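Notes to accompany the following structure.
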Amino acid sequence: MTNNNRKSSLFDKETIFLIKLTEGLYRQTELPEAGIDSIDIEKFIKISLSNNLLYYSAEEILKRPALSEQLRDRFQGVISSGKNALQEISKSINEVKAHISDYAIIKTYRGDFMRIGNDIDVLVREGDFDKIEKKFLARDYQIESNSREEKSVGLLRAGQKKIHLHAAVSWCRSSFLDKELIVANLRRVSYNSNEIFIPEVNADALIYLAHINFEPLLFTYAELLYLFRLLPEVDLGFIFNQASKFHWSNTLHRTINLINSLHYFLYGVECIKKERPKLITFKRIRFPYVFSRLHLIRACMEKGLFFYPLKRISKVMNILINHDAYKYIDAPERGIA
């Protein structure tokens, strides 16, 4: 068995097809091609959906000339539904830009491609939070979710994606980086053809890496591709100092090693040349990628999270016993499948 064939044996055919289909978002892998006729289309759609790459995949598939009428109709349906969702996103972003002068959109941008998210996460200054909330409520928004402990509120209006307003970035009632870093030196990027402000690369990386470890406990392939592009730009010493300050530096180190190992497995080179990975030997790879039980336990212990997991004991026990975090995925593109 050749090395590339051995690598491909670690994935199912539908995942290989997704990886090859999305090479334009980053770079070519060492995996062999997988033909569309050899895969289960509905299984592929489910995998693309759970990795937040369904709309992009549909666009790429529809570029293929030799496509059956049945498949063309199936993916045209995805695009038609997706365009409605993209319009809802644009309306919400326009509201944010029109009524919030000082903001950073977080955990939303994954690169310059058409991505459908569940909501628009907007970080504002704590002193402005209540005033901004009242401004949106006066504009006929309804409160969809509310966490006063973590100073966040979900605001919803018909025909738009939810605006998730935050005064802080935290999970498990814990912070993971200095807040002032998030709003300093903001980057202007294009998200679904909308110009938005997002955090600078170090803060952006810390937010993503903390989130995947302490909220969903997994990462999608779309997130992995974005981290592949982002991590070579970060100041490793700086982000490790931040993680050390907030008691998750070992968790961060293991996570970066995992990402580096996946990059080496897919492309034959490290993602971060300065951070030589202790290469992981993979037995099976599935996306979204769920962190190992041992990693999650060590992450909670390092962060001092002993009582918070008890409040989510059903989810915690299911993940630790069954290693099943997939049932908790709230797929952003579920409405277009």
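Chain labels A, B, ... are given in the sequence in which chains occur in the structure tokens; within each chain residues are numbered consecutively from 1, and ligands are likewise numbered from 1 in the order shown.
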
Tell me, as number ranges by chain, which residues lie within 12 Å of Leu227 (chain A), counting only C-alpha atoms; anything in the same chain fewer than 3 positions away does not count. A: 25-26, 107, 109-111, 201-202, 204-209, 212, 219-224, 230-234, 255-256, 258-260, 262-263, 271-272

Since we have the selection now, will you write its residues out, keeping C-alpha atoms, as a PDB file, in the first residue's frame?
```pdb
ATOM      1  CA  LEU A  25      -9.489  27.445   0.262  1.00  0.00           C
ATOM      2  CA  TYR A  26      -5.909  26.602   1.224  1.00  0.00           C
ATOM      3  CA  LYS A 107     -15.642  33.836  15.689  1.00  0.00           C
ATOM      4  CA  TYR A 109     -14.826  35.063   9.637  1.00  0.00           C
ATOM      5  CA  ARG A 110     -13.166  31.903   8.269  1.00  0.00           C
ATOM      6  CA  GLY A 111     -11.640  33.308   5.115  1.00  0.00           C
ATOM      7  CA  VAL A 201      -4.202  37.745  14.238  1.00  0.00           C
ATOM      8  CA  ASN A 202      -2.977  36.898  17.770  1.00  0.00           C
ATOM      9  CA  ASP A 204      -8.205  36.004  16.599  1.00  0.00           C
ATOM     10  CA  ALA A 205      -6.184  32.797  16.991  1.00  0.00           C
ATOM     11  CA  LEU A 206      -6.570  32.775  20.782  1.00  0.00           C
ATOM     12  CA  ILE A 207     -10.337  33.221  20.500  1.00  0.00           C
ATOM     13  CA  TYR A 208     -10.713  30.352  18.035  1.00  0.00           C
ATOM     14  CA  LEU A 209      -8.364  28.031  19.923  1.00  0.00           C
ATOM     15  CA  ILE A 212     -12.917  24.915  20.203  1.00  0.00           C
ATOM     16  CA  PHE A 219     -13.364  21.772  15.478  1.00  0.00           C
ATOM     17  CA  THR A 220     -14.824  21.672  11.992  1.00  0.00           C
ATOM     18  CA  TYR A 221     -12.799  21.279   8.832  1.00  0.00           C
ATOM     19  CA  ALA A 222     -13.671  24.890   7.923  1.00  0.00           C
ATOM     20  CA  GLU A 223     -12.155  26.035  11.231  1.00  0.00           C
ATOM     21  CA  LEU A 224      -9.088  23.863  10.686  1.00  0.00           C
ATOM     22  CA  LEU A 230      -3.835  31.992  10.522  1.00  0.00           C
ATOM     23  CA  LEU A 231      -1.298  30.257  12.767  1.00  0.00           C
ATOM     24  CA  PRO A 232       1.838  30.927  10.665  1.00  0.00           C
ATOM     25  CA  GLU A 233       1.141  34.648  11.161  1.00  0.00           C
ATOM     26  CA  VAL A 234       0.888  34.603  14.968  1.00  0.00           C
ATOM     27  CA  THR A 255      -3.866  21.860  20.392  1.00  0.00           C
ATOM     28  CA  ILE A 256      -1.217  23.509  18.215  1.00  0.00           C
ATOM     29  CA  LEU A 258      -2.476  18.458  16.949  1.00  0.00           C
ATOM     30  CA  ILE A 259      -3.086  21.072  14.241  1.00  0.00           C
ATOM     31  CA  ASN A 260       0.555  20.856  13.160  1.00  0.00           C
ATOM     32  CA  LEU A 262      -2.857  17.195  10.886  1.00  0.00           C
ATOM     33  CA  HIS A 263      -1.148  19.674   8.568  1.00  0.00           C
ATOM     34  CA  CYS A 271       1.941  24.400   9.516  1.00  0.00           C
ATOM     35  CA  ILE A 272       4.223  26.348  11.874  1.00  0.00           C
TER      36      ILE A 272
END
```

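Of all the residues in region 175-251 of chain A, the ones DSSP labels as strand (DSSP E or B) from the backbone are A:Ser175, A:Arg187, A:Arg188, A:Val189, A:Ser190, A:Tyr191, A:Asn194, A:Glu195, A:Ile196, A:Phe197, A:Ile198, A:Leu218, A:Phe219.
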
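Residues in contact range of region 58-67 of chain A, defined as at most 8 Å between only C-alpha atoms, with sequence neighbours fewer than 2 positions away removed, read Leu21, Leu54, Tyr55, Tyr56, Glu69, Leu71, Arg72, Phe75, Gln76, Val78 and Ile79 of chain A.
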
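Taking region 109-157 of chain A and asking which residues DSSP calls alpha helix (DSSP H) on the backbone, you get Glu126, Gly127, Asp128, Phe129, Asp130, Lys131, Ile132, Glu133, Lys134, Lys135, Phe136 and Leu137 of chain A.
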
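Between CA of Asn118 (chain A) and CA of Gly77 (chain A) the interatomic distance comes to 19.4 Å.
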
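Atom pair CA of Arg115 (chain A) / CA of Phe136 (chain A) has a distance of 24.8 Å (rounded to one decimal).
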
Each residue of region 4-114 of chain A lying at most 12 Å from region 146-157 of chain A should get a row with its shortest atom-to-atom pair and the distance in Å to one decimal, counting only C-alpha atoms; could you produce that, ordered by chain and increasing number, as JSON lines?
```
{"residue": "A:Glu88", "atom": "CA", "partner": "A:Arg157", "partner_atom": "CA", "distance": 9.9}
{"residue": "A:Ile89", "atom": "CA", "partner": "A:Arg157", "partner_atom": "CA", "distance": 11.6}
{"residue": "A:Lys91", "atom": "CA", "partner": "A:Arg157", "partner_atom": "CA", "distance": 10.2}
{"residue": "A:Ser92", "atom": "CA", "partner": "A:Arg157", "partner_atom": "CA", "distance": 8.9}
{"residue": "A:Glu95", "atom": "CA", "partner": "A:Arg157", "partner_atom": "CA", "distance": 10.8}
{"residue": "A:Val96", "atom": "CA", "partner": "A:Leu155", "partner_atom": "CA", "distance": 11.3}
```

Would you mind listing what lies within 12 Å of Asn51 (chain A) as number ranges by chain, with only C-alpha atoms counted and same-chain residues fewer than 6 positions away left out? A: 15, 18-19, 22, 44-45, 57, 110, 115-117, 218-225, 286-289, 326, 329-334

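For the set A:Ser145, A:Asn192, A:Gln70, A:Ser8, the residue with the smallest atom-to-atom gap to Ala34 (chain A) is A:Ser8, counting only C-alpha atoms.
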
Excluding Ile120 (chain A) and any residue of its chain fewer than 2 positions from it, enumerate the residues within 7 Å of it, using only C-alpha atoms, and give them as JSON, numbers by chain. {"A": [108, 122, 162, 163, 164]}

I'd like the contact shell of region 168-185 of chain A - 6 Å cut-off, only C-alpha atoms, skipping same-chain residues fewer than 3 positions apart - returned as a short mmCIF file (atom, residue, chain, number, x, y, z; two decimals) with N, CA and C atoms, in the first residue's frame.
```cif
data_model
loop_
_atom_site.label_atom_id
_atom_site.label_comp_id
_atom_site.auth_asym_id
_atom_site.auth_seq_id
_atom_site.Cartn_x
_atom_site.Cartn_y
_atom_site.Cartn_z
N PRO A 199 -10.67 40.92 15.03
CA PRO A 199 -9.45 41.10 15.83
C PRO A 199 -8.17 40.86 15.02
N GLU A 200 -7.06 41.42 15.53
CA GLU A 200 -5.77 41.14 14.90
C GLU A 200 -5.42 39.66 15.09
N ALA A 203 -5.03 37.78 18.69
CA ALA A 203 -6.30 37.70 19.43
C ALA A 203 -7.27 36.76 18.72
N GLN A 242 -0.06 34.74 26.85
CA GLN A 242 -1.47 34.99 27.16
C GLN A 242 -2.13 33.75 27.74
N PHE A 246 -3.72 33.05 31.63
CA PHE A 246 -5.09 32.63 31.89
C PHE A 246 -5.23 31.12 32.08
#
```

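Closest to Ile16 (chain A) among A:Ile93, A:Asp235, A:Asp128, A:Leu266 is A:Leu266, based on only C-alpha atoms.
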